[in-house]
Amino acid sequence: MGSTPPLGSVDGRVAIAAVGNTIQGEIPGISADELAVEALRITLAESGIDKNQIDGLITCKSYGGFGIDTEIGRLAGLNPAYSATLDYGTCNFSLHLACAVIQSGLASVVAIVYGTVQRSAGNRFTAPLGRQDEASVYGFLNVAGPAGMAFRRHQKLYGTTEADLGEIAVSQRKYAIANPLAIFQKPLTLEDYLNAPYLVEPLRRADLCMISDGGACMIVARADKARELSDRPVYVQGIAQQTGLRDRQNADQWLRPWIGRVADRIYPAAGIDRAAIDALYIQDPTSVWVMQMLEWYGFVEPGGVGEAFRNGDIGFGGSLPLNTNGGQLSEAYMWGFLHLCELVRQMRGEAGERQLDKIGTAQYCSTFGMMKAASTIFSAEAS
Amino acid sequence: MTTEFPYGETEGDERFWRNAQDGRLTFQRCDDCEFVRWPAAGVCPECLSRNSTWVPVEGRGTLWSNVVYHRAYAPAHKDEIPYPVGLVELDCGVRLVTRLVDVTPGVDAVGTRVSVKYTEIGQHGTVPAFGPA
């Protein structure tokens, strides 16, 4: 008997065999669920994987109530051995469920699908986030509220400036210019950023993800199956999560200190050092969440975000590439799914004009609003 | 702590707003462990007791942070922009999102002492707001 593996160790037993996505933007005339199935169709067609290989289906319920597994399974003509819907897909959580399902033997080839038409449906996130009785009375709406407060607090604690924060959106836009899928491709300088009006002061348009329509899909499989389905599977080495479900009863909830618990676990889970990460992906409904995760995971010192970009430590052209698709801020909404599509394409050398030097190890960090955090570390080799 | 049927009503936040109309800042305090909770709920998140009483609290606290809405994300707030919103950490332990009055929003306001004032917001009438202590 060997020693007990660390919590969240996956050790290459699960891999992503394929990723795919629809166009992004405004896609009228199609339902969200059919858009999810369209992403599945595209993924299967591009990878050559037969639909009948799928024995697991994980869908993501999203704003508006669509995305239920029973409905999508019917539309996609699937009778998988296992199916489930997560109320908060945001990609990492769906992937971690797939890892658990596969490692427990409930299924061996899991399709994760997501589709949304919230732009066409006119959702502008005007309802309060989570349970906040007073938010609608006081007009505390959109993620810009908590994120803006978190940034003002951070400024007070560490002296961070709005120009420091602006580096994030500016860097991501540079990547997006070389991404044909990206909705925002117009060059953005720091001067442009600072000259733009506030939406929710201290945040500007470029700090906030615009809602868009689209679909995305991943085929996640037991490693031996993944090798049958793909000649370049991307292996999961470690996973970690932490919640902050008590919400504002927690101190400093919007600084989201519980992300630090994920950071403590994810590197031991994957059996690698943070320094081994070749490319980093951070889910970004707002630039403030990027700043927070860079700090909590230890890629920058608290308050050091602007300097890290200006020094070339992180971001476009820097030592550590970050959100090379442009992220949600510049590419498209998709609840973070396109970060993983990009990560897989980069690791496989399929990222076209944006292709980085060889990426052996990559990390994806995401959060579900003010409630949960998750991270996954991937490798191009099984072990 | 006893468990008796019926279990008591699942309470919403109506009482908070109703009491505010009379200039009173009130929250539910657990009858068993005295934890003061918000948002409103039929159960204490500390000891899970269902017994609680709405009690007035001292309307003083510290401003955790603030923002200013320059855009109305819902039509009801169209005529209010730009308006400042803050998160106040009350001395009783509750963290309340609220409007700010007579406060210059921004970095310097973070961490300042504030106390309850009252303001009018459209259809909601008199609601708690916070300003310099």
# chains A, B, ... in the order shown; residues from 1 in each chain; ligands from 1
$ interface_residues --of "chain A" --to "chain B" --cutoff "10 Å" --atoms "only C-alpha atoms" --output "number ranges by chain"
A: 124-127, 131-142, 144-157, 159, 197-204, 246-252
$ write_last_selection --atoms "N, CA and C atoms" --output "tab-separated table (two decimals), in the first residue's frame"
chain	number	residue	atom	x	y	z
A	124	ARG	N	-30.12	41.54	-18.59
A	124	ARG	CA	-28.99	42.42	-18.30
A	124	ARG	C	-28.59	42.30	-16.83
A	125	PHE	N	-28.93	41.17	-16.24
A	125	PHE	CA	-28.59	40.91	-14.83
A	125	PHE	C	-29.10	42.03	-13.92
A	126	THR	N	-30.41	42.27	-14.03
A	126	THR	CA	-31.01	43.33	-13.22
A	126	THR	C	-31.56	42.80	-11.91
A	127	ALA	N	-31.59	41.48	-11.73
A	127	ALA	CA	-32.06	40.91	-10.47
A	127	ALA	C	-30.89	40.83	-9.49
A	131	ARG	N	-29.16	35.82	-2.34
A	131	ARG	CA	-30.21	36.27	-1.44
A	131	ARG	C	-29.79	37.58	-0.80
A	132	GLN	N	-30.23	38.66	-1.37
A	132	GLN	CA	-29.90	39.97	-0.81
A	132	GLN	C	-31.18	40.78	-0.73
A	133	ASP	N	-31.85	40.66	0.40
A	133	ASP	CA	-33.17	41.27	0.55
A	133	ASP	C	-33.18	42.75	0.19
A	134	GLU	N	-32.14	43.46	0.56
A	134	GLU	CA	-32.16	44.90	0.41
A	134	GLU	C	-31.62	45.39	-0.92
A	135	ALA	N	-31.04	44.48	-1.71
A	135	ALA	CA	-30.32	44.90	-2.90
A	135	ALA	C	-31.22	45.57	-3.94
A	136	SER	N	-32.43	45.04	-4.14
A	136	SER	CA	-33.27	45.62	-5.18
A	136	SER	C	-33.83	46.97	-4.75
A	137	VAL	N	-34.09	47.13	-3.44
A	137	VAL	CA	-34.57	48.43	-2.94
A	137	VAL	C	-33.50	49.50	-3.14
A	138	TYR	N	-32.25	49.16	-2.79
A	138	TYR	CA	-31.18	50.15	-2.84
A	138	TYR	C	-30.51	50.23	-4.22
A	139	GLY	N	-30.93	49.35	-5.15
A	139	GLY	CA	-30.35	49.39	-6.49
A	139	GLY	C	-28.95	48.82	-6.55
A	140	PHE	N	-28.70	47.80	-5.73
A	140	PHE	CA	-27.38	47.17	-5.70
A	140	PHE	C	-27.41	45.97	-6.64
A	141	LEU	N	-27.36	46.25	-7.95
A	141	LEU	CA	-27.59	45.22	-8.96
A	141	LEU	C	-26.32	44.97	-9.77
A	142	ASN	N	-26.30	43.79	-10.40
A	142	ASN	CA	-25.20	43.39	-11.28
A	142	ASN	C	-23.94	43.07	-10.44
A	144	ALA	N	-21.20	44.08	-10.86
A	144	ALA	CA	-20.40	45.30	-10.73
A	144	ALA	C	-20.50	45.88	-9.32
A	145	GLY	N	-21.62	45.65	-8.62
A	145	GLY	CA	-21.80	46.18	-7.27
A	145	GLY	C	-20.80	45.59	-6.29
A	146	PRO	N	-20.88	44.28	-6.02
A	146	PRO	CA	-19.92	43.66	-5.11
A	146	PRO	C	-18.48	43.77	-5.60
A	147	ALA	N	-18.27	43.64	-6.91
A	147	ALA	CA	-16.90	43.71	-7.43
A	147	ALA	C	-16.34	45.12	-7.26
A	148	GLY	N	-17.18	46.13	-7.50
A	148	GLY	CA	-16.73	47.51	-7.33
A	148	GLY	C	-16.39	47.79	-5.88
A	149	MET	N	-17.22	47.29	-4.96
A	149	MET	CA	-16.94	47.49	-3.53
A	149	MET	C	-15.66	46.77	-3.13
A	150	ALA	N	-15.47	45.55	-3.66
A	150	ALA	CA	-14.26	44.80	-3.34
A	150	ALA	C	-13.03	45.56	-3.82
A	151	PHE	N	-13.14	46.19	-5.00
A	151	PHE	CA	-11.97	46.92	-5.51
A	151	PHE	C	-11.69	48.17	-4.69
A	152	ARG	N	-12.71	48.93	-4.32
A	152	ARG	CA	-12.50	50.11	-3.47
A	152	ARG	C	-11.85	49.72	-2.13
A	153	ARG	N	-12.32	48.63	-1.57
A	153	ARG	CA	-11.74	48.13	-0.32
A	153	ARG	C	-10.27	47.77	-0.51
A	154	HIS	N	-10.00	47.10	-1.62
A	154	HIS	CA	-8.64	46.68	-1.95
A	154	HIS	C	-7.74	47.91	-2.12
A	155	GLN	N	-8.27	48.96	-2.75
A	155	GLN	CA	-7.50	50.19	-2.91
A	155	GLN	C	-7.10	50.77	-1.56
A	156	LYS	N	-8.06	50.75	-0.64
A	156	LYS	CA	-7.81	51.30	0.70
A	156	LYS	C	-6.73	50.47	1.42
A	157	LEU	N	-6.83	49.14	1.27
A	157	LEU	CA	-5.91	48.25	2.00
A	157	LEU	C	-4.51	48.26	1.40
A	159	GLY	N	-3.46	50.27	-1.63
A	159	GLY	CA	-3.04	51.39	-2.48
A	159	GLY	C	-3.15	51.11	-3.97
A	197	PRO	N	-16.14	56.32	-19.33
A	197	PRO	CA	-16.94	56.66	-18.14
A	197	PRO	C	-17.14	55.45	-17.23
A	198	TYR	N	-17.44	55.75	-15.99
A	198	TYR	CA	-17.77	54.68	-15.04
A	198	TYR	C	-19.16	54.11	-15.36
A	199	LEU	N	-19.32	52.80	-15.14
A	199	LEU	CA	-20.67	52.21	-15.10
A	199	LEU	C	-21.11	52.15	-13.65
A	200	VAL	N	-20.31	51.43	-12.86
A	200	VAL	CA	-20.49	51.43	-11.41
A	200	VAL	C	-19.12	51.79	-10.83
A	201	GLU	N	-18.98	53.06	-10.48
A	201	GLU	CA	-17.71	53.60	-10.01
A	201	GLU	C	-17.20	52.79	-8.82
A	202	PRO	N	-16.01	52.24	-8.88
A	202	PRO	CA	-14.86	52.54	-9.74
A	202	PRO	C	-14.71	51.68	-11.01
A	203	LEU	N	-15.74	50.97	-11.46
A	203	LEU	CA	-15.58	50.07	-12.61
A	203	LEU	C	-16.12	50.69	-13.89
A	204	ARG	N	-15.48	50.34	-15.00
A	204	ARG	CA	-15.85	50.83	-16.32
A	204	ARG	C	-16.31	49.67	-17.20
A	246	ARG	N	-22.02	31.08	3.36
A	246	ARG	CA	-22.71	31.94	4.35
A	246	ARG	C	-22.81	33.37	3.87
A	247	ASP	N	-22.19	33.63	2.73
A	247	ASP	CA	-22.35	34.92	2.07
A	247	ASP	C	-21.93	36.06	2.99
A	248	ARG	N	-22.77	37.08	3.12
A	248	ARG	CA	-22.33	38.28	3.86
A	248	ARG	C	-22.23	38.06	5.36
A	249	GLN	N	-22.61	36.90	5.85
A	249	GLN	CA	-22.34	36.61	7.26
A	249	GLN	C	-20.85	36.31	7.44
A	250	ASN	N	-20.14	36.06	6.32
A	250	ASN	CA	-18.69	35.93	6.38
A	250	ASN	C	-18.05	37.32	6.34
A	251	ALA	N	-16.97	37.49	7.09
A	251	ALA	CA	-16.23	38.74	7.02
A	251	ALA	C	-15.57	38.87	5.65
A	252	ASP	N	-15.52	40.08	5.13
A	252	ASP	CA	-14.83	40.37	3.87
A	252	ASP	C	-15.28	39.48	2.71
$ select_by_dssp --residues "stretch 264-305 of chain A" --states "helix (DSSP H, G or I)" --output "PyMOL selection string"
chain A and resi 264-270+274-276+287-296+305
$ write_last_selection --atoms "N, CA and C atoms" --output "JSON list (two decimals), in the first residue's frame"
[["chain", "number", "residue", "atom", "x", "y", "z"],
["A", 264, "ASP", "N", -4.53, 26.65, -1.46],
["A", 264, "ASP", "CA", -3.76, 25.77, -0.56],
["A", 264, "ASP", "C", -3.80, 24.31, -1.04],
["A", 265, "ARG", "N", -4.92, 23.90, -1.64],
["A", 265, "ARG", "CA", -5.12, 22.49, -1.97],
["A", 265, "ARG", "C", -4.73, 22.10, -3.39],
["A", 266, "ILE", "N", -4.85, 23.05, -4.33],
["A", 266, "ILE", "CA", -4.78, 22.65, -5.74],
["A", 266, "ILE", "C", -3.38, 22.18, -6.15],
["A", 267, "TYR", "N", -2.32, 22.81, -5.62],
["A", 267, "TYR", "CA", -0.98, 22.41, -6.07],
["A", 267, "TYR", "C", -0.58, 21.05, -5.49],
["A", 268, "PRO", "N", -0.83, 20.80, -4.20],
["A", 268, "PRO", "CA", -0.61, 19.44, -3.70],
["A", 268, "PRO", "C", -1.49, 18.40, -4.41],
["A", 269, "ALA", "N", -2.74, 18.79, -4.75],
["A", 269, "ALA", "CA", -3.63, 17.85, -5.43],
["A", 269, "ALA", "C", -3.03, 17.42, -6.77],
["A", 270, "ALA", "N", -2.46, 18.39, -7.49],
["A", 270, "ALA", "CA", -1.90, 18.09, -8.81],
["A", 270, "ALA", "C", -0.46, 17.58, -8.71],
["A", 274, "ARG", "N", 3.37, 25.85, -8.12],
["A", 274, "ARG", "CA", 2.76, 26.94, -8.88],
["A", 274, "ARG", "C", 3.69, 27.42, -10.00],
["A", 275, "ALA", "N", 4.97, 27.39, -9.74],
["A", 275, "ALA", "CA", 5.96, 27.89, -10.71],
["A", 275, "ALA", "C", 5.96, 27.05, -12.00],
["A", 276, "ALA", "N", 5.37, 25.85, -11.95],
["A", 276, "ALA", "CA", 5.36, 24.98, -13.13],
["A", 276, "ALA", "C", 4.23, 25.32, -14.11],
["A", 287, "SER", "N", -12.99, 42.19, -14.17],
["A", 287, "SER", "CA", -11.53, 42.23, -14.00],
["A", 287, "SER", "C", -11.15, 42.10, -12.53],
["A", 288, "VAL", "N", -12.05, 42.53, -11.65],
["A", 288, "VAL", "CA", -11.75, 42.48, -10.20],
["A", 288, "VAL", "C", -11.56, 41.02, -9.76],
["A", 289, "TRP", "N", -12.34, 40.12, -10.34],
["A", 289, "TRP", "CA", -12.19, 38.70, -9.98],
["A", 289, "TRP", "C", -10.83, 38.17, -10.45],
["A", 290, "VAL", "N", -10.34, 38.67, -11.58],
["A", 290, "VAL", "CA", -9.01, 38.26, -12.06],
["A", 290, "VAL", "C", -7.95, 38.70, -11.06],
["A", 291, "MET", "N", -8.04, 39.97, -10.65],
["A", 291, "MET", "CA", -7.08, 40.49, -9.68],
["A", 291, "MET", "C", -7.10, 39.65, -8.40],
["A", 292, "GLN", "N", -8.32, 39.38, -7.90],
["A", 292, "GLN", "CA", -8.43, 38.61, -6.66],
["A", 292, "GLN", "C", -7.79, 37.23, -6.80],
["A", 293, "MET", "N", -8.08, 36.55, -7.91],
["A", 293, "MET", "CA", -7.55, 35.18, -8.05],
["A", 293, "MET", "C", -6.04, 35.19, -8.27],
["A", 294, "LEU", "N", -5.53, 36.17, -9.00],
["A", 294, "LEU", "CA", -4.05, 36.27, -9.13],
["A", 294, "LEU", "C", -3.41, 36.38, -7.76],
["A", 295, "GLU", "N", -4.06, 37.12, -6.87],
["A", 295, "GLU", "CA", -3.50, 37.29, -5.52],
["A", 295, "GLU", "C", -3.70, 36.05, -4.66],
["A", 296, "TRP", "N", -4.92, 35.53, -4.63],
["A", 296, "TRP", "CA", -5.18, 34.39, -3.74],
["A", 296, "TRP", "C", -4.36, 33.17, -4.13],
["A", 305, "VAL", "N", -0.77, 43.89, -8.65],
["A", 305, "VAL", "CA", -1.27, 43.44, -9.94],
["A", 305, "VAL", "C", -0.80, 44.33, -11.09]]
$ closest_residue --among "B:Glu34, B:Gly125, B:Arg50, B:Thr104" --to "B:Asp22" --atoms "only C-alpha atoms"
B:Gly125
$ select_by_dssp --residues "stretch 84-182 of chain A" --states "strand (DSSP E or B)" --output "list of chain:residue names"
A:Ala84, A:Thr85, A:Leu86, A:Val109, A:Val110, A:Ala111, A:Ile112, A:Val113, A:Tyr114, A:Gly115, A:Thr116
$ atom_distance --atom1 "atom CA of A:Gly115" --atom2 "atom CA of A:Leu338"
11.7 Å
$ atom_distance --atom1 "atom CA of A:Ala98" --atom2 "atom CA of A:Ile112"
8.0 Å
$ closest_residue --among "A:Pro180, A:Gly315, A:Gly214, A:Gly105" --to "A:Glu26" --atoms "only C-alpha atoms"
A:Gly214
$ residues_around --residues "A:Thr161" --least-positions-apart "4" --cutoff "9 Å" --atoms "only C-alpha atoms" --output "list of chain:residue names"
A:Gln155, A:Leu165, A:Gly166, A:Gly303, A:Gly306
$ write_last_selection --atoms "C-alpha atoms" --output "mmCIF file, in the first residue's frame"
data_model
loop_
_atom_site.group_PDB
_atom_site.id
_atom_site.type_symbol
_atom_site.label_atom_id
_atom_site.label_comp_id
_atom_site.auth_asym_id
_atom_site.auth_seq_id
_atom_site.Cartn_x
_atom_site.Cartn_y
_atom_site.Cartn_z
ATOM 1 C CA GLN A 155 -7.504 50.194 -2.906
ATOM 2 C CA LEU A 165 -6.835 47.330 -12.560
ATOM 3 C CA GLY A 166 -7.015 48.570 -16.147
ATOM 4 C CA GLY A 303 -1.581 45.178 -4.410
ATOM 5 C CA GLY A 306 -0.486 46.547 -11.998
#
$ residues_around --residues "A:Pro321" --least-positions-apart "3" --cutoff "12 Å" --atoms "only C-alpha atoms" --output "count of residues only"
36
$ residues_around --residues "stretch 48-62 of chain A" --least-positions-apart "3" --cutoff "8 Å" --atoms "only C-alpha atoms" --output "PDB file with C-alpha atoms, in the first residue's frame"
ATOM      1  CA  LEU A  44     -18.508  15.543 -32.208  1.00  0.00           C
ATOM      2  CA  ALA A  45     -18.125  16.485 -35.881  1.00  0.00           C
ATOM      3  CA  GLY A  65     -34.155  28.083 -16.061  1.00  0.00           C
ATOM      4  CA  PHE A  66     -32.927  26.407 -19.241  1.00  0.00           C
ATOM      5  CA  GLY A  67     -30.166  23.826 -19.513  1.00  0.00           C
ATOM      6  CA  ILE A  68     -31.801  20.886 -17.735  1.00  0.00           C
ATOM      7  CA  ASP A  69     -30.298  17.440 -18.482  1.00  0.00           C
ATOM      8  CA  ILE A  72     -31.170  18.422 -23.422  1.00  0.00           C
ATOM      9  CA  GLY A  73     -30.892  14.616 -23.381  1.00  0.00           C
ATOM     10  CA  ASN A  79     -29.998   7.814 -23.121  1.00  0.00           C
ATOM     11  CA  PRO A  80     -26.777   8.061 -21.111  1.00  0.00           C
ATOM     12  CA  ALA A  81     -26.068   5.823 -18.114  1.00  0.00           C
ATOM     13  CA  TYR A  82     -25.670   8.987 -16.017  1.00  0.00           C
ATOM     14  CA  SER A  83     -26.988  12.511 -16.312  1.00  0.00           C
ATOM     15  CA  ALA A  84     -27.185  15.543 -14.048  1.00  0.00           C
ATOM     16  CA  THR A  85     -27.697  19.288 -14.062  1.00  0.00           C
ATOM     17  CA  LEU A  86     -25.609  21.669 -12.020  1.00  0.00           C
ATOM     18  CA  ASP A  87     -27.288  24.879 -11.009  1.00  0.00           C
ATOM     19  CA  TYR A  88     -24.003  26.695 -11.596  1.00  0.00           C
ATOM     20  CA  GLY A  89     -22.062  25.236 -14.478  1.00  0.00           C
ATOM     21  CA  THR A  90     -19.274  27.764 -14.696  1.00  0.00           C
ATOM     22  CA  SER A  94     -19.161  20.723 -14.222  1.00  0.00           C
ATOM     23  CA  ALA A  98     -17.477  14.721 -14.459  1.00  0.00           C
ATOM     24  CA  ALA A 107     -19.847   6.740 -16.625  1.00  0.00           C
ATOM     25  CA  SER A 108     -16.703   6.753 -18.771  1.00  0.00           C
ATOM     26  CA  VAL A 109     -17.371   9.337 -21.499  1.00  0.00           C
ATOM     27  CA  VAL A 110     -19.175  12.448 -20.266  1.00  0.00           C
ATOM     28  CA  ALA A 111     -20.454  15.255 -22.473  1.00  0.00           C
ATOM     29  CA  ILE A 112     -20.645  18.621 -20.706  1.00  0.00           C
ATOM     30  CA  VAL A 113     -22.801  21.056 -22.644  1.00  0.00           C
ATOM     31  CA  TYR A 114     -23.867  24.654 -22.134  1.00  0.00           C
ATOM     32  CA  THR A 116     -27.336  30.494 -23.487  1.00  0.00           C
ATOM     33  CA  LEU A 229     -11.154   9.086 -28.733  1.00  0.00           C
TER      34      LEU A 229
END
